[in-house]
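Next comes model-v3.txt, a file with compact mmCIF, C-alpha atoms.
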```txt
# COMPACT_ATOMS: atom_id res chain seq x y z
CA MET A 1461 149.87 204.36 89.42
CA ILE A 1462 149.61 207.69 91.17
CA PRO A 1463 147.62 207.67 94.39
CA GLN A 1464 144.80 210.03 95.08
CA SER A 1465 146.01 212.99 97.11
CA PHE A 1466 146.08 212.44 100.87
CA ASP A 1467 147.28 214.16 104.01
CA TYR A 1468 150.43 212.78 105.58
CA THR A 1469 151.31 213.04 109.25
CA ALA A 1470 154.37 211.61 110.96
CA PRO A 1471 153.90 211.84 114.74
CA LYS A 1472 157.09 211.92 116.83
CA SER A 1473 155.71 210.26 119.92
CA LEU A 1474 153.32 207.45 120.75
CA GLU A 1475 150.98 209.86 122.61
CA GLU A 1476 150.76 212.04 119.53
CA ALA A 1477 150.07 209.01 117.32
CA LEU A 1478 147.33 207.70 119.64
CA ALA A 1479 145.72 211.14 119.82
CA LEU A 1480 145.66 211.26 116.01
CA MET A 1481 144.06 207.82 115.80
CA GLU A 1482 141.16 209.00 117.95
CA GLY A 1483 139.80 211.07 115.12
CA GLY A 1484 138.14 209.71 112.04
CA GLU A 1485 139.31 207.94 108.95
CA ARG A 1486 143.05 207.69 109.36
CA LYS A 1487 145.16 204.87 108.04
CA ILE A 1488 148.41 203.78 109.64
CA LEU A 1489 151.48 203.46 107.46
CA ALA A 1490 153.80 200.88 109.05
CA GLY A 1491 156.03 199.42 106.35
CA GLY A 1492 153.72 200.24 103.44
CA MET A 1493 154.31 196.93 101.68
CA SER A 1494 150.57 196.31 101.30
CA LEU A 1495 149.12 199.79 101.75
CA ILE A 1496 151.23 201.67 99.21
CA PRO A 1497 150.56 199.31 96.26
CA LEU A 1498 146.84 199.45 97.08
CA MET A 1499 146.95 203.25 97.20
CA LYS A 1500 148.79 203.42 93.91
CA LEU A 1501 146.10 201.26 92.31
CA ARG A 1502 143.54 203.53 93.99
CA LEU A 1503 141.95 200.53 95.63
CA ALA A 1504 142.74 202.22 98.92
CA GLN A 1505 142.07 205.94 99.13
CA PRO A 1506 142.66 207.00 102.71
CA ALA A 1507 142.11 210.71 103.36
CA GLU A 1508 144.93 210.79 105.87
CA VAL A 1509 147.94 208.56 106.42
CA VAL A 1510 149.69 208.41 109.80
CA ASP A 1511 153.29 207.24 109.42
CA LEU A 1512 154.57 205.49 112.56
CA GLY A 1513 158.14 205.45 111.22
CA ARG A 1514 159.27 208.33 113.44
CA VAL A 1515 157.78 207.17 116.72
CA PRO A 1516 160.80 206.16 118.82
CA GLY A 1517 160.95 202.74 120.46
CA LEU A 1518 158.39 200.95 118.32
CA ASP A 1519 161.06 198.75 116.75
CA SER A 1520 162.67 197.48 119.93
CA ILE A 1521 163.15 193.79 120.71
CA THR A 1522 163.45 192.95 124.41
CA GLU A 1523 163.30 189.83 126.55
CA VAL A 1524 161.72 189.98 130.01
CA ASP A 1525 160.44 187.15 132.22
CA GLY A 1526 160.29 184.43 129.61
CA VAL A 1527 158.60 186.65 127.05
CA VAL A 1528 160.17 188.24 123.99
CA ARG A 1529 158.55 191.57 123.21
CA ILE A 1530 158.81 192.60 119.57
CA GLY A 1531 157.90 196.18 118.71
CA ALA A 1532 155.27 196.52 116.00
CA MET A 1533 157.59 198.50 113.70
CA THR A 1534 160.28 195.80 113.72
CA THR A 1535 161.04 194.88 110.12
CA HIS A 1536 160.95 191.28 108.94
CA HIS A 1537 164.70 191.56 108.35
CA ALA A 1538 165.25 192.64 111.95
CA VAL A 1539 163.16 189.68 113.18
CA GLU A 1540 165.19 187.38 110.93
CA THR A 1541 168.56 188.65 112.21
CA SER A 1542 167.87 189.52 115.87
CA PRO A 1543 170.10 187.47 118.21
CA VAL A 1544 167.41 187.64 120.93
CA ILE A 1545 164.71 186.21 118.67
CA ARG A 1546 167.11 183.65 117.22
CA ALA A 1547 167.97 182.44 120.72
CA HIS A 1548 164.43 182.28 122.09
CA CYS A 1549 161.95 182.09 119.19
CA PRO A 1550 163.71 180.32 116.33
CA LEU A 1551 160.34 179.58 114.70
CA LEU A 1552 159.80 183.29 114.09
CA VAL A 1553 163.26 183.67 112.56
CA GLU A 1554 162.48 180.89 110.12
CA THR A 1555 159.10 182.39 109.30
CA ALA A 1556 160.39 185.94 108.76
CA ALA A 1557 163.14 184.63 106.48
CA GLN A 1558 160.52 183.19 104.12
CA ILE A 1559 158.38 186.31 103.72
CA GLY A 1560 158.14 187.83 100.24
CA ASP A 1561 161.46 189.09 98.93
CA VAL A 1562 164.46 191.06 100.22
CA GLN A 1563 162.83 194.43 99.56
CA VAL A 1564 159.66 193.48 101.40
CA ARG A 1565 161.63 192.09 104.32
CA ASN A 1566 163.67 195.27 104.59
CA MET A 1567 160.67 197.60 104.59
CA GLY A 1568 157.73 195.53 105.82
CA THR A 1569 157.02 195.38 109.55
CA MET A 1570 155.61 192.71 111.80
CA GLY A 1571 152.90 194.99 113.20
CA GLY A 1572 151.90 196.12 109.73
CA SER A 1573 151.67 192.57 108.45
CA ILE A 1574 149.49 191.29 111.28
CA ALA A 1575 147.24 194.36 111.31
CA HIS A 1576 146.64 193.92 107.58
CA ALA A 1577 145.82 190.23 108.24
CA ASP A 1578 146.19 188.90 104.74
CA PRO A 1579 144.80 185.34 104.85
CA ALA A 1580 148.00 184.07 103.21
CA ALA A 1581 150.52 185.98 105.34
CA ASP A 1582 153.28 183.96 107.00
CA TYR A 1583 153.47 185.36 110.55
CA PRO A 1584 149.96 184.34 111.63
CA ALA A 1585 150.76 180.60 111.35
CA ALA A 1586 153.80 181.00 113.60
CA LEU A 1587 152.08 183.37 116.04
CA VAL A 1588 149.10 181.09 116.65
CA ALA A 1589 151.44 178.10 117.06
CA LEU A 1590 153.57 180.12 119.52
CA GLU A 1591 150.47 181.28 121.42
CA ALA A 1592 151.76 184.83 121.11
CA ARG A 1593 149.81 187.79 122.46
CA ILE A 1594 149.17 190.98 120.53
CA HIS A 1595 149.45 194.14 122.63
CA LEU A 1596 146.97 196.81 121.52
CA VAL A 1597 146.84 200.35 122.87
CA SER A 1598 144.66 203.37 122.26
CA ALA A 1599 144.51 206.76 123.98
CA HIS A 1600 142.33 205.26 126.70
CA SER A 1601 142.86 201.49 126.62
CA ASP A 1602 145.61 198.94 126.90
CA ARG A 1603 144.98 195.23 126.32
CA THR A 1604 146.46 192.06 124.93
CA VAL A 1605 144.75 189.51 122.72
CA VAL A 1606 145.96 185.96 122.06
CA ALA A 1607 146.93 185.42 118.42
CA ALA A 1608 144.24 182.78 117.82
CA ASP A 1609 141.58 185.36 118.76
CA PHE A 1610 143.32 188.27 117.04
CA PHE A 1611 142.99 186.88 113.52
CA GLN A 1612 139.23 186.82 113.05
CA ASP A 1613 138.65 186.67 109.33
CA ALA A 1614 140.20 187.69 106.02
CA PHE A 1615 141.66 191.19 106.66
CA THR A 1616 139.73 191.31 109.90
CA THR A 1617 141.42 191.45 113.31
CA ALA A 1618 140.52 192.25 116.90
CA ILE A 1619 141.88 195.82 116.47
CA GLU A 1620 139.24 198.37 117.46
CA PRO A 1621 139.01 201.86 115.97
CA GLY A 1622 141.65 204.07 117.60
CA GLU A 1623 143.90 201.16 118.54
CA ILE A 1624 147.47 200.60 117.43
CA VAL A 1625 149.45 197.36 117.62
CA LEU A 1626 152.19 198.30 120.11
CA ASP A 1627 154.10 195.07 120.27
CA ILE A 1628 153.86 191.31 119.96
CA GLU A 1629 154.59 189.23 123.07
CA VAL A 1630 156.01 185.83 122.24
CA PRO A 1631 156.63 183.24 124.99
CA LYS A 1632 160.17 181.86 124.77
CA GLU A 1633 160.44 178.45 123.17
CA PRO A 1634 162.13 176.13 125.70
CA SER A 1635 165.53 174.97 124.47
CA ASN A 1636 164.44 171.31 124.33
CA GLU A 1637 161.62 172.17 121.95
CA GLY A 1638 161.75 171.73 118.18
CA SER A 1639 159.95 173.92 115.68
CA ARG A 1640 159.68 174.46 111.97
CA TYR A 1641 157.82 176.60 109.43
CA GLU A 1642 157.16 175.01 106.03
CA LYS A 1643 155.41 176.87 103.24
CA PHE A 1644 154.54 176.50 99.63
CA PRO A 1645 155.21 180.00 98.28
CA HIS A 1646 153.15 181.42 95.44
CA PRO A 1647 155.75 181.71 92.65
CA ALA A 1648 154.81 185.29 91.81
CA SER A 1649 153.83 186.95 95.05
CA GLY A 1650 155.78 184.87 97.55
CA PHE A 1651 152.67 184.66 99.74
CA ALA A 1652 151.98 181.26 101.30
CA VAL A 1653 149.65 179.20 99.14
CA VAL A 1654 149.70 177.16 102.32
CA GLY A 1655 152.07 177.47 105.28
CA VAL A 1656 152.35 175.26 108.36
CA ALA A 1657 154.17 176.14 111.59
CA ALA A 1658 154.86 173.28 113.97
CA ARG A 1659 156.25 173.05 117.51
CA ILE A 1660 157.00 169.83 119.35
CA ARG A 1661 158.20 169.06 122.89
CA LYS A 1662 159.24 165.48 123.61
CA ASN A 1663 158.60 163.32 126.61
CA GLY A 1664 160.93 160.32 126.39
CA ASN A 1665 160.04 158.83 123.03
CA GLY A 1666 156.56 160.34 122.97
CA ILE A 1667 155.29 163.82 122.23
CA ALA A 1668 154.41 165.88 125.31
CA MET A 1669 153.21 168.95 123.46
CA ALA A 1670 152.41 169.74 119.85
CA ARG A 1671 151.29 173.01 118.25
CA VAL A 1672 150.20 173.32 114.63
CA GLY A 1673 149.45 176.68 113.02
CA VAL A 1674 148.14 176.85 109.45
CA THR A 1675 147.94 179.85 107.12
CA GLY A 1676 146.77 180.33 103.54
CA MET A 1677 144.15 177.65 103.75
CA GLY A 1678 141.08 179.42 105.11
CA THR A 1679 139.93 182.98 105.62
CA HIS A 1680 142.43 183.36 108.47
CA ALA A 1681 145.23 181.46 110.16
CA PHE A 1682 144.16 178.88 112.71
CA ARG A 1683 145.53 176.39 115.22
CA ASP A 1684 144.69 172.84 114.28
CA ARG A 1685 143.73 171.45 117.67
CA ALA A 1686 142.55 168.09 116.27
CA ALA A 1687 146.01 167.36 114.88
CA GLU A 1688 147.67 168.60 118.09
CA GLU A 1689 145.55 166.32 120.23
CA LEU A 1690 146.23 163.28 118.06
CA LEU A 1691 149.98 163.87 118.36
CA GLU A 1692 149.78 164.32 122.11
CA LYS A 1693 147.84 161.04 122.36
CA GLY A 1694 150.58 159.18 120.54
CA ALA A 1695 149.38 159.17 116.93
CA SER A 1696 151.99 159.14 114.19
CA ILE A 1697 152.88 162.34 112.35
CA ALA A 1698 151.33 160.95 109.17
CA ASP A 1699 148.03 160.23 110.93
CA ALA A 1700 147.94 163.63 112.62
CA ALA A 1701 148.86 165.48 109.43
CA ALA A 1702 146.05 163.67 107.61
CA VAL A 1703 143.44 165.57 109.65
CA VAL A 1704 144.99 169.05 109.23
CA GLY A 1705 142.36 171.49 108.04
CA SER A 1706 139.53 168.95 108.17
CA GLY A 1707 137.03 171.49 109.45
CA GLU A 1708 138.03 174.19 106.97
CA GLN A 1709 136.67 174.88 103.55
CA PRO A 1710 139.95 175.64 101.77
CA ASN A 1711 140.37 178.73 99.59
CA ALA A 1712 140.46 178.28 95.84
CA ASP A 1713 141.93 180.55 93.19
CA LEU A 1714 143.36 180.23 89.68
CA PHE A 1715 146.61 178.91 91.09
CA ALA A 1716 145.41 176.31 93.56
CA SER A 1717 142.08 174.55 93.91
CA ALA A 1718 140.55 173.75 97.29
CA ASP A 1719 141.54 170.07 97.03
CA TYR A 1720 145.10 170.96 96.07
CA ARG A 1721 145.36 173.36 99.02
CA ARG A 1722 144.15 170.65 101.39
CA HIS A 1723 146.73 168.29 99.95
CA LEU A 1724 149.47 170.91 100.29
CA ALA A 1725 148.50 171.58 103.91
CA ARG A 1726 148.88 167.89 104.78
CA VAL A 1727 152.16 167.47 102.92
CA HIS A 1728 153.62 170.55 104.57
CA ALA A 1729 152.28 169.50 107.97
CA VAL A 1730 154.20 166.23 107.66
CA ARG A 1731 157.36 168.11 106.68
CA ALA A 1732 157.05 170.72 109.43
CA LEU A 1733 156.21 168.19 112.15
CA THR A 1734 158.97 165.77 111.10
CA ALA A 1735 161.56 168.54 111.13
CA ALA A 1736 160.27 169.91 114.45
CA LEU A 1737 160.44 166.44 116.02
CA SER A 1738 163.98 165.87 114.82
CA ARG A 1739 164.99 169.21 116.36
CA ALA A 1740 163.40 168.51 119.72
CA SER A 1741 165.57 166.91 122.35
CA MET B 268 133.64 181.56 90.42
CA LYS B 269 131.20 179.12 92.01
CA VAL B 270 130.00 179.66 95.53
CA SER B 271 127.83 177.34 97.53
CA GLY B 272 127.02 176.51 101.09
CA SER B 273 124.26 176.10 103.57
CA TYR B 274 123.26 177.99 106.66
CA SER B 275 120.49 177.55 109.15
CA VAL B 276 118.07 180.22 110.27
CA SER B 277 116.12 179.72 113.49
CA VAL B 278 112.65 180.63 112.19
CA PRO B 279 110.01 178.61 110.32
CA GLN B 280 110.37 178.31 106.56
CA GLU B 281 107.64 180.83 105.55
CA ARG B 282 109.11 183.44 107.87
CA ALA B 283 112.67 182.77 106.61
CA TYR B 284 111.46 183.12 103.04
CA ALA B 285 109.83 186.46 103.82
CA LEU B 286 112.88 187.73 105.72
CA LEU B 287 115.25 186.88 102.88
CA GLN B 288 113.16 188.98 100.48
CA ASP B 289 112.50 191.89 102.83
CA PRO B 290 114.48 194.90 101.54
CA ALA B 291 114.85 196.27 105.09
CA VAL B 292 116.40 193.00 106.23
CA LEU B 293 118.59 192.71 103.13
CA THR B 294 119.86 196.27 103.67
CA LYS B 295 120.87 195.44 107.22
CA CYS B 296 122.42 192.08 106.41
CA MET B 297 124.29 192.65 103.15
CA PRO B 298 127.81 193.73 104.11
CA GLY B 299 128.38 197.34 103.08
CA CYS B 300 124.84 197.93 101.84
CA GLU B 301 123.77 201.49 102.50
CA GLY B 302 120.30 201.34 101.05
CA LEU B 303 117.88 199.64 98.70
CA ASP B 304 115.32 201.66 96.76
CA ARG B 305 112.42 199.89 95.14
CA VAL B 306 112.37 200.50 91.37
CA ALA B 307 109.95 197.75 90.32
CA GLU B 308 108.31 194.62 91.62
CA ASN B 309 111.13 192.55 93.15
CA GLU B 310 113.79 194.93 91.88
CA TYR B 311 115.79 197.39 93.94
CA ALA B 312 118.52 199.93 93.27
CA MET B 313 121.40 199.45 95.68
CA ARG B 314 124.03 201.71 97.15
CA MET B 315 127.01 199.97 98.67
CA LYS B 316 130.25 200.92 100.34
CA MET B 317 132.69 198.09 100.73
CA VAL B 318 135.44 198.48 103.28
CA LEU B 319 137.87 195.62 103.57
CA ALA B 320 141.24 196.17 105.23
CA SER B 321 142.58 199.26 103.50
CA ILE B 322 140.53 198.70 100.38
CA SER B 323 137.36 200.71 100.10
CA GLY B 324 135.06 201.52 97.26
CA ASN B 325 131.58 202.73 96.51
CA PHE B 326 129.37 200.58 94.35
CA SER B 327 125.99 201.18 92.87
CA GLY B 328 123.91 198.49 91.34
CA LYS B 329 120.74 196.55 91.68
CA VAL B 330 119.25 193.62 93.49
CA ARG B 331 116.66 191.48 91.77
CA ILE B 332 114.57 188.60 93.00
CA GLY B 333 113.54 186.08 90.37
CA ASP B 334 112.03 182.65 89.90
CA ALA B 335 110.11 183.11 93.14
CA ASN B 336 108.65 179.83 94.28
CA PRO B 337 107.47 180.53 97.83
CA PRO B 338 108.31 179.19 100.30
CA ASP B 339 110.84 176.81 98.75
CA SER B 340 113.24 178.69 96.53
CA PHE B 341 114.07 181.92 94.75
CA ARG B 342 116.89 183.42 92.78
CA LEU B 343 118.81 186.43 94.09
CA ILE B 344 120.69 188.48 91.52
CA VAL B 345 123.04 191.19 92.72
CA GLU B 346 124.93 193.49 90.38
CA GLY B 347 127.21 196.34 91.28
CA SER B 348 129.86 198.51 89.73
CA GLY B 349 132.16 201.21 90.96
CA LYS B 350 135.52 202.84 90.24
CA ILE B 351 137.50 199.87 91.46
CA GLY B 352 135.62 197.16 89.59
CA PHE B 353 132.35 195.44 89.08
CA MET B 354 130.65 192.31 90.36
CA LYS B 355 127.71 190.20 89.46
CA GLY B 356 126.32 187.45 91.61
CA ASP B 357 123.52 185.10 90.71
CA GLY B 358 122.43 182.55 93.25
CA LEU B 359 119.64 180.09 93.81
CA LEU B 360 118.49 179.86 97.42
CA LYS B 361 116.63 176.75 98.47
CA LEU B 362 114.82 176.61 101.77
CA SER B 363 113.89 173.46 103.57
CA PRO B 364 112.58 172.78 107.07
CA ALA B 365 115.18 171.68 109.61
CA ASP B 366 115.20 170.79 113.29
CA ALA B 367 116.00 174.24 114.54
CA GLY B 368 114.08 176.20 111.91
CA THR B 369 115.03 176.44 108.28
CA ASN B 370 117.97 175.29 106.29
CA VAL B 371 119.06 177.66 103.51
CA GLN B 372 121.09 176.06 100.76
CA PHE B 373 122.59 178.32 98.11
CA ASP B 374 124.40 177.68 94.86
CA GLY B 375 125.62 180.55 92.85
CA ASP B 376 128.07 182.05 90.47
CA VAL B 377 129.97 185.25 91.18
CA GLN B 378 131.81 187.25 88.56
CA VAL B 379 134.20 190.02 89.51
CA GLY B 380 136.04 192.25 87.09
CA GLY B 381 138.10 195.41 86.88
CA THR B 382 141.12 196.48 88.94
CA ILE B 383 139.92 194.65 92.03
CA ALA B 384 139.82 191.34 90.16
CA SER B 385 143.08 191.73 88.29
CA VAL B 386 145.12 192.42 91.42
CA GLY B 387 143.01 190.54 93.93
CA GLN B 388 142.42 187.24 92.15
CA ARG B 389 144.15 185.32 94.91
CA LEU B 390 141.69 186.70 97.45
CA LEU B 391 138.35 186.69 95.63
CA ASP B 392 137.22 183.28 96.80
CA THR B 393 138.20 183.92 100.42
CA THR B 394 136.51 187.30 100.41
CA ALA B 395 133.32 186.10 98.74
CA ARG B 396 132.95 183.34 101.30
CA MET B 397 133.64 185.75 104.15
CA LEU B 398 130.96 188.18 102.94
CA ILE B 399 128.37 185.41 102.56
CA LYS B 400 129.18 184.19 106.06
CA LYS B 401 128.76 187.76 107.35
CA PHE B 402 125.39 188.03 105.64
CA PHE B 403 124.04 184.92 107.35
CA ASN B 404 125.56 185.88 110.72
CA ARG B 405 123.82 189.25 110.55
CA LEU B 406 120.61 187.55 109.47
CA ALA B 407 120.86 185.35 112.57
CA THR B 408 121.31 188.44 114.75
CA GLU B 409 118.42 190.11 113.01
CA VAL B 410 116.19 187.08 113.56
CA ALA B 411 117.16 186.91 117.22
CA GLN B 412 116.39 190.60 117.74
CA SER B 413 113.07 190.54 115.91
CA GLY B 414 112.12 187.51 118.05
CA GLU B 415 112.85 189.47 121.19
CA GLN B 416 110.83 192.42 119.94
CA ARG B 417 107.87 190.21 119.24
CA LEU B 418 108.08 188.74 122.72
CA ALA B 419 108.24 192.22 124.20
CA ALA B 420 105.17 193.23 122.18
CA ASP B 421 103.11 190.25 123.37
```
Can the structure in the file be given as structure tokens, please?
Amino acid sequence: MIPQSFDYTAPKSLEEALALMEGGERKILAGGMSLIPLMKLRLAQPAEVVDLGRVPGLDSITEVDGVVRIGAMTTHHAVETSPVIRAHCPLLVETAAQIGDVQVRNMGTMGGSIAHADPAADYPAALVALEARIHLVSAHSDRTVVAADFFQDAFTTAIEPGEIVLDIEVPKEPSNEGSRYEKFPHPASGFAVVGVAARIRKNGNGIAMARVGVTGMGTHAFRDRAAEELLEKGASIADAAAVVGSGEQPNADLFASADYRRHLARVHAVRALTAALSRAS
Amino acid sequence: MKVSGSYSVSVPQERAYALLQDPAVLTKCMPGCEGLDRVAENEYAMRMKMVLASISGNFSGKVRIGDANPPDSFRLIVEGSGKIGFMKGDGLLKLSPADAGTNVQFDGDVQVGGTIASVGQRLLDTTARMLIKKFFNRLATEVAQSGEQRLAAD
């Protein structure tokens, strides 16, 4: 349980960090909740670790022009307790509150979690449902990627070599909108066996807009557009939930078979959508 | 762990069969493969470096082609071991003509052991499927490029 020796650098400014990332095989340490255990098992053996913990400003949460900007080094606990996020993106608060355990939420960061892109992580479901944008910077580039394009495969994201996740831009949820994150946590790891994030905006008695984000089911989180469309065309929640994940081949492991995961996704979709609808006004 | 699936390749069946057994093509298409060296008829020594998120490891092993029944089916056996664990995959690939070329159907069994399996059980299935998908995506790219080269040569 002792990692292989490695060089450790803790840059004190973003410029310094970006300059470091230009060269070679360096691994970013954000919260360390995935990286450190892997290093201790020697599954990960980075030659050099760049700790972003001392770069000022990376954990700020600000709200400008209808967008909440969450710094990559914001801990899950900070997301869970931020008054700004609570007021404008309640779905994220609910999601962050269900991640892992207290220790992980105190140390783990949003940027670290999404850059790692575990197929069973919680944030991706909420971020694709919220149509959030991931802001990536390198020494010579600056771009944003929508969440649905950012998560490309298991542990694979749109991050290019040299790039760092700077912040996550989340559009404010309108106050008349209802949202909910429902997950079935793995009893040991706390990861989502399946997690469903739902958002609903009403139009009289009908549904004007629906968003469904699913994690844990496939190789990466995805938006279930078929279910969204059905809801927007007036289908019942039960009917829409019944198609969730239809195009996916669900993951299977010792804990949950593919069929069981598909079942869980549909059950949790019904729960998340029902709760979101009851919260919408 | 069972893996199965089907992919299509946009070349005729004989050509697809040859491509899938060509060590140069396999080297390019197998994720992480750094080289195949022929040790016997239909048997190759393999060097592999897997990089997945922060996990990385070197593997050495072999690739064997068995039960060759051109151009319809063959068995591909891949074995590898390294510091972080070992894996063995044994799959039957069946080729059949399809509208846009050839349909490749595979059914196989993958065994993974060592540290990587004991801590990564939850992710083995996902990862195996992702790697197989990558293999066929790269094969598609490879086919497209070789097609272009042939056109250029004509």
Residue list for chain A near chain B as number ranges by chain, 10 Å, all atoms listed in the file: A: 1487-1488, 1494-1496, 1498-1499, 1501-1506, 1575-1580, 1613-1617, 1646, 1649, 1651, 1653, 1676-1680, 1709-1716
field: Among listed residues B:Gly299, B:Ile399, B:Gly380, B:Pro337, nearest Gly358 in chain B (using only C-alpha atoms)
entry: B:Ile399
- prompt: Could you name the residues that touch Arg1514 in chain A at 9 Å or less, counting only C-alpha atoms, but leaving out those on the same chain fewer than 2 positions away, as a VMD selection string?
  reply: chain A and resid 1470 to 1473 1511 to 1512 1516 1518
field: Distance query Val345 in chain B at most 7 Å, only C-alpha atoms, self and fewer than 6 positions along chain excluded, as a list in words
entry: Lys329, Val330, Arg331, Lys355, Gly356 and Asp357 of chain B
message: So that I can see what lies close to Pro1543 in chain A, please list as a PyMOL selection string the residues with an atom at most 12 Å from it, counting only C-alpha atoms and leaving out residues fewer than 6 positions away in the same chain.
response: chain A and resi 1521-1523+1528+1537+1549-1550+1552-1553
- request: Would you list the contacts of Arg1722 in chain A as an NGL selection string, taking every protein, DNA or RNA residue within 8 Å and counting only C-alpha atoms, but skipping same-chain residues closer than 3 positions in sequence?
  value: :A and (1677 or 1705 or 1710 or 1718-1719 or 1725-1726)
- prompt: Do you know which residues are at most 10 Å from Gly1572 in chain A counting only C-alpha atoms, after dropping those on the same chain fewer than 2 positions away, and could you put them as a ChimeraX atom specification?
  reply: /A:1488-1495,1532-1535,1568-1570,1574-1577,1624-1625
- request: Choose the residue, out of B:Phe402, B:Phe353, B:Phe326, B:Tyr311, that has the smallest atom-to-atom separation from Leu287 in chain B; count all atoms listed in the file.
  value: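 Looking at the shortest contact to Leu287 in chain B, the residue is B:Phe402.
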query: Which value, in Å to one decimal, gives the distance between CA of Ala367 in chain B and CA of Val1703 in chain A?
result: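 Spanning CA of Ala367 in chain B to CA of Val1703 in chain A is a straight-line distance of 29.2 Å.
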task: Identify the residues within 12 Å of coordinate (156.2, 191.3, 131.1) (same frame as the file), considering only C-alpha atoms, and give the answer as a PyMOL selection string.
output: chain A and resi 1522-1530+1593+1595+1604+1627-1631
message: To one decimal place in Å, what is the distance between CA of Glu1540 in chain A and CA of Ala1556 in chain A?
response: 5.5 Å
